[in-house]
$ cat my_file-v3.txt   # compact mmCIF, C-alpha atoms and all ligand atoms
# COMPACT_ATOMS: atom_id res chain seq x y z
CA MET A 119 99.43 107.81 72.56
CA GLU A 120 102.77 106.81 74.00
CA VAL A 121 103.59 103.48 75.60
CA ILE A 122 106.30 103.15 78.24
CA ILE A 123 107.51 99.69 79.19
CA ARG A 124 109.22 99.20 82.56
CA PRO A 125 110.86 96.00 83.76
CA ASP A 126 108.45 95.29 86.62
CA ALA A 127 105.24 96.42 88.28
CA GLY A 128 107.06 98.40 90.98
CA SER A 129 109.02 100.54 88.56
CA ALA A 130 105.93 101.07 86.36
CA ALA A 131 103.93 102.40 89.35
CA ASN A 132 106.91 104.49 90.42
CA LEU A 133 107.11 106.06 86.97
CA VAL A 134 103.41 106.96 86.99
CA ALA A 135 103.82 108.60 90.41
CA ARG A 136 106.81 110.58 89.14
CA ILE A 137 104.92 111.76 86.02
CA LEU A 138 102.06 112.92 88.24
CA ALA A 139 104.40 114.56 90.75
CA LYS A 140 106.17 116.54 88.03
CA ASP A 141 102.85 117.92 86.76
CA LEU A 142 101.66 118.64 90.31
CA ARG A 143 104.83 120.56 91.16
CA ALA A 144 104.39 122.62 87.98
CA ASN A 145 100.72 123.28 88.76
CA PRO A 146 100.01 122.90 92.52
CA SER A 147 96.29 123.63 92.08
CA MET A 148 95.95 120.84 89.55
CA VAL A 149 92.59 119.10 89.19
CA LEU A 150 93.35 115.41 89.51
CA GLY A 151 91.22 112.55 88.24
CA LEU A 152 91.80 109.46 90.37
CA ALA A 153 91.19 105.74 90.01
CA THR A 154 90.94 102.86 92.46
CA GLY A 155 91.84 99.17 92.06
CA ARG A 156 94.79 97.02 93.03
CA THR A 157 97.12 98.49 90.40
CA MET A 158 96.64 102.04 91.66
CA GLU A 159 97.49 101.21 95.27
CA ALA A 160 101.20 101.05 94.40
CA VAL A 161 101.01 104.51 92.78
CA TYR A 162 99.41 105.93 95.93
CA ARG A 163 102.15 104.36 98.08
CA HIS A 164 104.76 106.18 95.97
CA LEU A 165 102.86 109.47 96.14
CA ALA A 166 102.56 109.17 99.93
CA MET A 167 106.30 108.54 100.14
CA MET A 168 107.01 111.56 97.90
CA HIS A 169 104.79 113.67 100.16
CA ARG A 170 106.67 112.53 103.28
CA GLU A 171 110.19 112.60 101.91
CA GLN A 172 110.17 115.10 99.05
CA ASN A 173 107.53 117.63 100.19
CA LEU A 174 105.13 116.79 97.39
CA ASP A 175 102.28 119.17 98.19
CA PHE A 176 98.62 118.31 97.63
CA SER A 177 97.20 121.19 99.70
CA LEU A 178 95.90 123.14 96.70
CA SER A 179 94.86 120.25 94.47
CA ARG A 180 91.29 119.12 93.89
CA THR A 181 90.31 115.58 92.98
CA PHE A 182 87.50 113.73 91.23
CA ASN A 183 87.37 109.95 91.27
CA LEU A 184 86.31 107.97 88.25
CA ASP A 185 83.63 105.85 89.82
CA GLU A 186 81.78 104.52 92.86
CA TYR A 187 79.54 101.53 93.56
CA ALA A 188 75.81 102.20 93.71
CA GLY A 189 74.31 101.38 97.10
CA LEU A 190 77.49 101.47 99.20
CA PRO A 191 77.73 104.23 101.83
CA PRO A 192 81.05 106.10 102.02
CA SER A 193 81.68 104.55 105.44
CA ASP A 194 81.67 101.03 103.93
CA PRO A 195 85.34 99.94 103.73
CA ARG A 196 84.70 98.56 100.22
CA SER A 197 83.40 101.89 98.90
CA TYR A 198 85.81 103.81 96.73
CA ARG A 199 85.51 106.81 99.08
CA SER A 200 86.78 104.69 101.92
CA THR A 201 89.49 103.14 99.71
CA MET A 202 90.73 106.58 98.66
CA ASN A 203 90.74 107.83 102.25
CA THR A 204 92.85 104.85 103.28
CA HIS A 205 95.33 104.68 100.41
CA LEU A 206 95.84 108.32 99.51
CA PHE A 207 93.87 111.07 101.20
CA SER A 208 94.92 110.19 104.76
CA GLN A 209 98.54 109.79 103.60
CA VAL A 210 99.06 113.24 102.05
CA ASN A 211 98.18 116.84 102.91
CA ILE A 212 95.07 117.06 100.77
CA ASP A 213 92.05 118.95 102.08
CA LEU A 214 89.26 116.35 102.20
CA ARG A 215 86.79 119.07 101.21
CA ASN A 216 88.62 119.23 97.88
CA THR A 217 88.14 115.51 97.21
CA ARG A 218 85.02 114.48 95.38
CA LEU A 219 83.56 111.08 94.64
CA LEU A 220 80.21 110.16 93.23
CA ASP A 221 77.69 109.39 95.97
CA GLY A 222 76.49 105.84 95.50
CA MET A 223 73.74 106.43 98.07
CA ALA A 224 72.22 109.52 96.41
CA ALA A 225 68.41 109.35 96.29
CA ASP A 226 68.50 110.29 92.62
CA LEU A 227 71.55 108.68 91.01
CA ASP A 228 70.97 110.31 87.61
CA ALA A 229 70.87 113.75 89.23
CA GLU A 230 74.05 112.89 91.14
CA CYS A 231 75.78 112.09 87.83
CA ARG A 232 74.63 115.37 86.27
CA LEU A 233 75.87 117.33 89.31
CA TYR A 234 79.23 115.57 89.07
CA GLU A 235 79.67 116.65 85.45
CA GLU A 236 78.75 120.19 86.47
CA ALA A 237 81.26 120.14 89.34
CA ILE A 238 84.05 118.98 87.02
CA GLY A 239 83.13 121.83 84.66
CA LYS A 240 83.12 124.39 87.48
CA ALA A 241 86.58 123.18 88.59
CA GLY A 242 87.81 124.02 85.08
CA GLY A 243 88.01 120.40 83.88
CA ILE A 244 90.39 117.63 84.87
CA ASP A 245 94.08 118.31 84.23
CA PHE A 246 95.46 114.85 84.86
CA GLN A 247 93.47 111.61 84.85
CA LEU A 248 94.92 108.41 86.30
CA LEU A 249 93.47 105.25 84.79
CA GLY A 250 93.64 101.50 85.29
CA ILE A 251 92.16 98.99 82.87
CA GLY A 252 89.82 96.09 83.59
CA ARG A 253 90.41 92.66 82.06
CA ALA A 254 87.51 93.31 79.65
CA GLY A 255 89.00 96.69 78.73
CA HIS A 256 86.95 99.09 80.80
CA ILE A 257 88.27 102.45 81.98
CA GLY A 258 86.34 103.66 84.98
CA PHE A 259 83.31 101.36 84.91
CA ASN A 260 82.69 101.89 81.21
CA GLU A 261 81.72 98.34 80.46
CA PRO A 262 81.54 96.83 76.95
CA LEU A 263 79.36 98.87 74.56
CA SER A 264 79.73 102.07 76.56
CA ALA A 265 79.21 104.89 74.08
CA LEU A 266 82.49 106.56 73.24
CA ARG A 267 80.80 109.91 73.90
CA SER A 268 79.15 108.83 77.17
CA ARG A 269 79.09 111.15 80.17
CA THR A 270 78.91 110.34 83.89
CA ARG A 271 76.06 107.92 84.45
CA VAL A 272 74.86 104.73 86.14
CA LYS A 273 76.19 101.55 84.55
CA ALA A 274 75.42 97.86 85.07
CA LEU A 275 78.64 95.97 85.82
CA ALA A 276 79.66 93.25 83.37
CA PRO A 277 80.05 89.67 84.63
CA MET A 278 83.85 89.85 84.17
CA THR A 279 84.00 92.98 86.33
CA LEU A 280 81.93 91.31 89.05
CA GLU A 281 84.40 88.42 88.96
CA GLN A 282 87.42 90.74 88.98
CA ASN A 283 86.15 92.49 92.12
CA ALA A 284 84.66 89.44 93.87
CA ALA A 285 87.57 89.09 96.31
CA PHE A 286 86.75 92.46 97.90
CA PHE A 287 83.17 91.37 98.62
CA GLY A 288 83.59 87.69 99.50
CA GLY A 289 82.09 86.33 96.28
CA THR A 290 80.84 87.44 92.86
CA GLU A 291 77.20 87.37 93.96
CA ARG A 292 77.91 89.98 96.65
CA VAL A 293 79.47 92.60 94.36
CA PRO A 294 77.07 95.54 93.77
CA ARG A 295 75.43 95.14 90.38
CA ARG A 296 75.63 98.80 89.38
CA ALA A 297 78.05 101.68 89.66
CA LEU A 298 78.24 105.37 88.86
CA THR A 299 81.07 106.21 86.49
CA MET A 300 82.53 109.05 84.50
CA GLY A 301 81.76 108.41 80.86
CA VAL A 302 84.26 107.70 78.10
CA GLY A 303 83.56 111.22 76.77
CA THR A 304 84.18 112.68 80.24
CA ILE A 305 87.55 110.92 80.37
CA LEU A 306 88.47 112.03 76.85
CA ASP A 307 87.87 115.66 77.93
CA CYS A 308 90.67 115.44 80.53
CA ARG A 309 93.78 117.33 79.49
CA ARG A 310 96.17 114.46 80.16
CA CYS A 311 95.54 110.73 80.68
CA VAL A 312 97.98 108.26 82.19
CA LEU A 313 96.97 104.61 82.23
CA LEU A 314 98.84 102.01 84.26
CA ALA A 315 98.56 98.26 83.70
CA THR A 316 100.73 95.54 85.19
CA GLY A 317 100.85 91.75 85.20
CA ARG A 318 100.38 89.03 82.61
CA GLU A 319 96.59 88.98 83.00
CA LYS A 320 96.49 92.47 81.43
CA ALA A 321 98.69 91.59 78.40
CA GLU A 322 95.86 90.62 76.00
CA ILE A 323 93.69 93.60 76.79
CA ILE A 324 96.57 96.09 76.66
CA ALA A 325 97.48 94.85 73.17
CA LYS A 326 93.87 95.35 72.09
CA ALA A 327 93.54 98.74 73.79
CA VAL A 328 96.75 100.15 72.30
CA GLU A 329 97.04 98.44 68.92
CA GLY A 330 93.55 97.17 68.13
CA PRO A 331 90.70 98.95 66.36
CA ILE A 332 88.71 101.55 68.28
CA THR A 333 85.53 99.91 69.49
CA ALA A 334 82.85 100.58 72.09
CA MET A 335 83.31 96.93 73.14
CA ILE A 336 86.63 97.99 74.72
CA SER A 337 86.30 101.49 76.15
CA ALA A 338 90.08 101.84 76.65
CA THR A 339 90.54 101.86 72.84
CA ALA A 340 88.94 105.34 72.88
CA LEU A 341 92.19 106.61 74.45
CA GLN A 342 93.73 106.31 70.98
CA LEU A 343 91.69 109.44 70.20
CA HIS A 344 93.18 111.38 73.10
CA ALA A 345 95.81 113.97 72.20
CA ARG A 346 97.90 113.37 75.33
CA CYS A 347 97.69 109.84 76.64
CA THR A 348 100.54 107.83 78.15
CA VAL A 349 100.19 104.11 78.79
CA VAL A 350 102.67 102.72 81.32
CA VAL A 351 103.06 98.95 81.49
CA ASP A 352 105.43 96.45 83.01
CA GLN A 353 107.20 93.82 80.95
CA GLU A 354 104.45 91.26 81.56
CA ALA A 355 101.55 93.50 80.54
CA ALA A 356 103.61 94.52 77.46
CA SER A 357 104.23 90.93 76.37
CA ARG A 358 101.58 90.94 73.57
CA LEU A 359 102.44 94.34 72.09
CA GLN A 360 103.61 94.17 68.46
CA GLY A 361 105.31 97.56 68.54
CA ALA A 362 107.23 97.14 71.81
CA ASP A 363 110.65 97.85 70.24
CA TYR A 364 109.38 101.10 68.75
CA TYR A 365 107.80 102.20 72.06
CA ARG A 366 111.10 101.48 73.87
CA TRP A 367 113.00 103.49 71.27
CA ILE A 368 110.72 106.51 71.75
CA PHE A 369 111.14 106.36 75.54
CA ALA A 370 114.92 106.04 75.21
CA ASN A 371 115.24 108.93 72.76
CA GLU A 372 112.55 111.55 73.28
CA PRO A 373 113.81 114.47 75.43
CA GLU A 374 110.45 114.60 77.27
CA TRP A 375 111.36 111.33 79.01
CA ALA A 376 115.01 112.14 79.86
CA ASP A 377 114.22 112.75 83.56
CA PHE A 378 112.26 109.52 83.83
CA ARG A 379 114.62 106.92 82.37
CA ALA A 380 116.50 106.08 85.57
CA LEU A 381 114.73 103.37 87.57
C1 LIG B 1 88.39 101.81 89.39
C2 LIG B 1 88.52 101.81 87.94
C3 LIG B 1 88.72 100.53 87.19
C4 LIG B 1 90.05 99.86 87.54
C5 LIG B 1 90.25 98.59 86.73
C6 LIG B 1 91.54 97.88 87.08
O1 LIG B 1 88.26 103.13 89.86
O2 LIG B 1 88.46 102.84 87.34
O3 LIG B 1 88.65 100.79 85.80
O4 LIG B 1 91.10 100.76 87.26
O5 LIG B 1 89.18 97.73 86.95
O6 LIG B 1 91.48 97.38 88.38
P1 LIG B 1 92.72 96.59 89.02
O7 LIG B 1 93.81 97.57 89.15
O8 LIG B 1 92.20 96.13 90.35
O9 LIG B 1 93.05 95.50 88.07
$ encode --input "my_file-v3.txt" --output "C-alpha cells"
Amino acid sequence: MEVIIRPDAGSAANLVARILAKDLRANPSMVLGLATGRTMEAVYRHLAMMHREQNLDFSLSRTFNLDEYAGLPPSDPRSYRSTMNTHLFSQVNIDLRNTRLLDGMAADLDAECRLYEEAIGKAGGIDFQLLGIGRAGHIGFNEPLSALRSRTRVKALAPMTLEQNAAFFGGTERVPRRALTMGVGTILDCRRCVLLATGREKAEIIAKAVEGPITAMISATALQLHARCTVVVDQEAASRLQGADYYRWIFANEPEWADFRAL
C-alpha cells in the first residue's frame, strides 16, 4: 500500500483523476471499477474536464460500479445508476452499453449478484478500482463483519451508513435498508485499487484502515493485503496517520510519482 497526502481535497481528487487517466491512456479498453459518494464527485468533475480539454477517451472502456441500493429503480435520481449517469457517463464519451451497475430491482437479487460476478469475469476482471471509504470503514457497502473473502451479495446497511446517506433521502428512516455490493474478495481481485478520502471526518477511519490491524470490522483494512493499492488523502484526512512523514518521503522520491508531484 502507498499513501499520498495532498494539501487539500481538490488536489487529492485531481491526483486520483490523473492516476486513472494515465492508466486509461495506456490501456484504452480498461475495465474500470467505479464508486459513488460525495468524495467521488470531484474525481468525476476532473475526468469530465480531461475528456473535454485533453481528449481523454472512454469510448473503449467498460465499467462496473461497486454497489447499488436494493429497491430503487435506475430512474430514481438517488439510485447509483442515475448518479453515475449525471456525474460521469453523460459527461464523457463512454458507451452506456458498456456501463454496468447491479440492478436493485431484480426479481432475484442473489441471482443478480451471481450474474454480476460472472460478467466481471467475462470482461477479464477489473483493471482499476476507484474506492471511497465510509465513516465506519466500509468499501463498497461492505459493512462491519463483512467476510474478507466475500463476493458480490446483498448486504444490510449499518446504522452509521444510513446516517451518512440520510441527506440524500430526506432522513435516516427513508434510506433503503439493503444494498447489493461487490464483496471484499471481489475488490481484492481487482488489479489496481485507488482509494480517495478527504476531510477531517475521515481522519480516524483512514488511520485505522491504513495502519491498524486487518479486521472484518473495517473492510477497508483488507486493502493492506492488496499488492497494488494507493490511498490518496488530503491533509485533514491524513491528520491521524503516524507514518505521514514516511509516506510523504516516498511520494517525493519514488520515480513512479515524478509526473504527479506538481499540483
Ligand atoms: C459508494 C461506495 C461507498 C462510498 C463511501 C464514502 O459507491 O462505495 O463505499 O465510497 O460511503 O462516501 P462519501 O464519499 O459520500 O463519504
$ residues_near_ligand --input "my_file-v3.txt" --ligand "ligand LIG 1 (chain B)" --cutoff "7 Å" --atoms "all atoms listed in the file" --output "compact mmCIF listing (two decimals) with C-alpha atoms, in the coordinates of the input"
# COMPACT_ATOMS: atom_id res chain seq x y z
CA ALA A 153 91.19 105.74 90.01
CA THR A 154 90.94 102.86 92.46
CA GLY A 155 91.84 99.17 92.06
CA ARG A 156 94.79 97.02 93.03
CA THR A 157 97.12 98.49 90.40
CA MET A 158 96.64 102.04 91.66
CA LEU A 184 86.31 107.97 88.25
CA ASP A 185 83.63 105.85 89.82
CA LEU A 249 93.47 105.25 84.79
CA GLY A 250 93.64 101.50 85.29
CA ILE A 251 92.16 98.99 82.87
CA GLY A 252 89.82 96.09 83.59
CA HIS A 256 86.95 99.09 80.80
CA ILE A 257 88.27 102.45 81.98
CA GLY A 258 86.34 103.66 84.98
CA PHE A 259 83.31 101.36 84.91
$ closest_residue --input "my_file-v3.txt" --among "A:Ala276, A:Ala229, A:Thr299, A:Val293" --to "A:Asn183" --atoms "only C-alpha atoms"
A:Thr299
$ closest_residue --input "my_file-v3.txt" --among "A:Val161, A:Asn211, A:Asp194, A:Leu150" --to "A:Ser177" --atoms "all atoms listed in the file"
A:Asn211
$ residues_around --input "my_file-v3.txt" --residues "A:Arg358" --least-positions-apart "6" --cutoff "8 Å" --atoms "all atoms listed in the file" --output "MDAnalysis selection string"
chainID A and resid 321:322 324:325
$ write_last_selection --input "my_file-v3.txt" --atoms "C-alpha atoms" --output "PDB file, keeping the file's coordinate frame"
ATOM      1  CA  ALA A 321      98.690  91.590  78.400  1.00  0.00           C
ATOM      2  CA  GLU A 322      95.860  90.620  76.000  1.00  0.00           C
ATOM      3  CA  ILE A 324      96.570  96.090  76.660  1.00  0.00           C
ATOM      4  CA  ALA A 325      97.480  94.850  73.170  1.00  0.00           C
TER       5      ALA A 325
END
$ residues_around --input "my_file-v3.txt" --residues "A:Gly243" --least-positions-apart "2" --cutoff "10 Å" --atoms "all atoms listed in the file" --output "list in words"
Met148, Val149, Leu150, Gly151, Phe182, Glu235, Glu236, Ala237, Ile238, Gly239, Lys240, Ala241, Asp245, Phe246, Thr304, Asp307, Cys308 and Arg309 of chain A
$ atom_distance --input "my_file-v3.txt" --atom1 "atom CA of A:Glu159" --atom2 "atom CA of A:Ala284"
17.5 Å
$ atom_distance --input "my_file-v3.txt" --atom1 "atom CA of A:Asn173" --atom2 "atom CA of A:Ile137"
15.6 Å
$ closest_atom_pairs --input "my_file-v3.txt" --of "stretch 264-352 of chain A" --to "stretch 129-134 of chain A" --cutoff "9 Å" --atoms "all atoms listed in the file" --output "tab-separated table"
residue	atom	partner	partner_atom	distance
A:Val312	CA	A:Val134	CA	7.4
A:Leu313	CA	A:Val134	CA	8.3
A:Leu314	CA	A:Ala131	CA	7.2
A:Ala315	CA	A:Ala130	CA	8.3
A:Thr316	CA	A:Ala130	CA	7.7
A:Val350	CA	A:Ala130	CA	6.2
A:Val351	CA	A:Ala130	CA	6.0
A:Asp352	CA	A:Ala130	CA	5.7
$ residues_around --input "my_file-v3.txt" --residues "A:Arg143" --least-positions-apart "3" --cutoff "10 Å" --atoms "only C-alpha atoms" --output "PyMOL selection string"
chain A and resi 138-140+146-148+173-176
$ atom_distance --input "my_file-v3.txt" --atom1 "atom CA of A:Arg180" --atom2 "atom CA of A:Arg215"
8.6 Å
$ closest_residue --input "my_file-v3.txt" --among "A:Ile305, A:Ala327, A:Ala160, A:Leu214" --to "A:Arg253" --atoms "all atoms listed in the file"
A:Ala327
$ closest_residue --input "my_file-v3.txt" --among "A:Ala356, A:Ala127, A:Ala285, A:Cys347" --to "A:Ile323" --atoms "all atoms listed in the file"
A:Ala356
$ closest_residue --input "my_file-v3.txt" --among "A:Val349, A:Leu280, A:Leu206, A:Ile212" --to "A:Glu329" --atoms "all atoms listed in the file"
A:Val349
$ closest_residue --input "my_file-v3.txt" --among "A:Ser197, A:Thr181, A:Ser337, A:Gln209" --to "A:Glu261" --atoms "all atoms listed in the file"
A:Ser337
$ build_atoms --input "my_file-v3.txt" --residues "stretch 347-369 of chain A" --atoms "N, CA, C and O atoms" --output "PDB file, in the frame of the given file"
ATOM      1  N   CYS A 347      97.923 111.030  75.814  1.00  0.00           N
ATOM      2  CA  CYS A 347      97.690 109.840  76.640  1.00  0.00           C
ATOM      3  C   CYS A 347      98.972 109.018  76.716  1.00  0.00           C
ATOM      4  O   CYS A 347      99.586 108.715  75.702  1.00  0.00           O
ATOM      5  N   THR A 348      99.366 108.674  77.937  1.00  0.00           N
ATOM      6  CA  THR A 348     100.540 107.830  78.150  1.00  0.00           C
ATOM      7  C   THR A 348     100.083 106.531  78.795  1.00  0.00           C
ATOM      8  O   THR A 348      99.360 106.560  79.795  1.00  0.00           O
ATOM      9  N   VAL A 349     100.492 105.419  78.222  1.00  0.00           N
ATOM     10  CA  VAL A 349     100.190 104.110  78.790  1.00  0.00           C
ATOM     11  C   VAL A 349     101.487 103.558  79.375  1.00  0.00           C
ATOM     12  O   VAL A 349     102.483 103.441  78.664  1.00  0.00           O
ATOM     13  N   VAL A 350     101.477 103.265  80.665  1.00  0.00           N
ATOM     14  CA  VAL A 350     102.670 102.720  81.320  1.00  0.00           C
ATOM     15  C   VAL A 350     102.384 101.267  81.680  1.00  0.00           C
ATOM     16  O   VAL A 350     101.364 100.976  82.326  1.00  0.00           O
ATOM     17  N   VAL A 351     103.269 100.387  81.238  1.00  0.00           N
ATOM     18  CA  VAL A 351     103.060  98.950  81.490  1.00  0.00           C
ATOM     19  C   VAL A 351     104.359  98.325  81.987  1.00  0.00           C
ATOM     20  O   VAL A 351     105.446  98.838  81.716  1.00  0.00           O
ATOM     21  N   ASP A 352     104.225  97.214  82.687  1.00  0.00           N
ATOM     22  CA  ASP A 352     105.430  96.450  83.010  1.00  0.00           C
ATOM     23  C   ASP A 352     105.671  95.451  81.881  1.00  0.00           C
ATOM     24  O   ASP A 352     104.855  95.315  80.958  1.00  0.00           O
ATOM     25  N   GLN A 353     106.807  94.775  81.978  1.00  0.00           N
ATOM     26  CA  GLN A 353     107.200  93.820  80.950  1.00  0.00           C
ATOM     27  C   GLN A 353     106.100  92.786  80.675  1.00  0.00           C
ATOM     28  O   GLN A 353     105.815  92.454  79.528  1.00  0.00           O
ATOM     29  N   GLU A 354     105.464  92.302  81.733  1.00  0.00           N
ATOM     30  CA  GLU A 354     104.450  91.260  81.560  1.00  0.00           C
ATOM     31  C   GLU A 354     103.233  91.782  80.807  1.00  0.00           C
ATOM     32  O   GLU A 354     102.726  91.142  79.889  1.00  0.00           O
ATOM     33  N   ALA A 355     102.746  92.943  81.206  1.00  0.00           N
ATOM     34  CA  ALA A 355     101.550  93.500  80.540  1.00  0.00           C
ATOM     35  C   ALA A 355     101.889  93.913  79.098  1.00  0.00           C
ATOM     36  O   ALA A 355     100.998  94.034  78.259  1.00  0.00           O
ATOM     37  N   ALA A 356     103.196  94.110  78.809  1.00  0.00           N
ATOM     38  CA  ALA A 356     103.610  94.520  77.460  1.00  0.00           C
ATOM     39  C   ALA A 356     103.854  93.319  76.542  1.00  0.00           C
ATOM     40  O   ALA A 356     104.123  93.488  75.359  1.00  0.00           O
ATOM     41  N   SER A 357     103.711  92.093  77.094  1.00  0.00           N
ATOM     42  CA  SER A 357     104.230  90.930  76.370  1.00  0.00           C
ATOM     43  C   SER A 357     103.493  90.632  75.059  1.00  0.00           C
ATOM     44  O   SER A 357     103.999  89.889  74.230  1.00  0.00           O
ATOM     45  N   ARG A 358     102.304  91.190  74.834  1.00  0.00           N
ATOM     46  CA  ARG A 358     101.580  90.940  73.570  1.00  0.00           C
ATOM     47  C   ARG A 358     101.631  92.124  72.608  1.00  0.00           C
ATOM     48  O   ARG A 358     100.953  92.115  71.585  1.00  0.00           O
ATOM     49  N   LEU A 359     102.400  93.148  72.956  1.00  0.00           N
ATOM     50  CA  LEU A 359     102.440  94.340  72.090  1.00  0.00           C
ATOM     51  C   LEU A 359     103.348  94.092  70.887  1.00  0.00           C
ATOM     52  O   LEU A 359     104.505  93.688  71.044  1.00  0.00           O
ATOM     53  N   GLN A 360     102.824  94.358  69.692  1.00  0.00           N
ATOM     54  CA  GLN A 360     103.610  94.170  68.460  1.00  0.00           C
ATOM     55  C   GLN A 360     104.702  95.238  68.336  1.00  0.00           C
ATOM     56  O   GLN A 360     105.765  94.978  67.808  1.00  0.00           O
ATOM     57  N   GLY A 361     104.396  96.435  68.797  1.00  0.00           N
ATOM     58  CA  GLY A 361     105.310  97.560  68.540  1.00  0.00           C
ATOM     59  C   GLY A 361     106.247  97.863  69.697  1.00  0.00           C
ATOM     60  O   GLY A 361     106.781  98.970  69.787  1.00  0.00           O
ATOM     61  N   ALA A 362     106.477  96.877  70.578  1.00  0.00           N
ATOM     62  CA  ALA A 362     107.230  97.140  71.810  1.00  0.00           C
ATOM     63  C   ALA A 362     108.602  97.768  71.545  1.00  0.00           C
ATOM     64  O   ALA A 362     109.012  98.697  72.247  1.00  0.00           O
ATOM     65  N   ASP A 363     109.304  97.294  70.511  1.00  0.00           N
ATOM     66  CA  ASP A 363     110.650  97.850  70.240  1.00  0.00           C
ATOM     67  C   ASP A 363     110.553  99.332  69.909  1.00  0.00           C
ATOM     68  O   ASP A 363     111.374 100.147  70.363  1.00  0.00           O
ATOM     69  N   TYR A 364     109.566  99.688  69.128  1.00  0.00           N
ATOM     70  CA  TYR A 364     109.380 101.100  68.750  1.00  0.00           C
ATOM     71  C   TYR A 364     109.050 101.940  69.998  1.00  0.00           C
ATOM     72  O   TYR A 364     109.607 103.020  70.198  1.00  0.00           O
ATOM     73  N   TYR A 365     108.189 101.429  70.867  1.00  0.00           N
ATOM     74  CA  TYR A 365     107.800 102.200  72.060  1.00  0.00           C
ATOM     75  C   TYR A 365     109.038 102.403  72.956  1.00  0.00           C
ATOM     76  O   TYR A 365     109.237 103.476  73.518  1.00  0.00           O
ATOM     77  N   ARG A 366     109.873 101.360  73.057  1.00  0.00           N
ATOM     78  CA  ARG A 366     111.100 101.480  73.870  1.00  0.00           C
ATOM     79  C   ARG A 366     112.027 102.520  73.281  1.00  0.00           C
ATOM     80  O   ARG A 366     112.660 103.291  73.989  1.00  0.00           O
ATOM     81  N   TRP A 367     112.119 102.545  71.963  1.00  0.00           N
ATOM     82  CA  TRP A 367     113.000 103.490  71.270  1.00  0.00           C
ATOM     83  C   TRP A 367     112.547 104.927  71.543  1.00  0.00           C
ATOM     84  O   TRP A 367     113.363 105.796  71.846  1.00  0.00           O
ATOM     85  N   ILE A 368     111.254 105.157  71.476  1.00  0.00           N
ATOM     86  CA  ILE A 368     110.720 106.510  71.750  1.00  0.00           C
ATOM     87  C   ILE A 368     111.097 106.926  73.179  1.00  0.00           C
ATOM     88  O   ILE A 368     111.599 108.025  73.417  1.00  0.00           O
ATOM     89  N   PHE A 369     110.854 106.030  74.134  1.00  0.00           N
ATOM     90  CA  PHE A 369     111.140 106.360  75.540  1.00  0.00           C
ATOM     91  C   PHE A 369     112.626 106.635  75.753  1.00  0.00           C
ATOM     92  O   PHE A 369     113.005 107.528  76.497  1.00  0.00           O
TER      93      PHE A 369
END
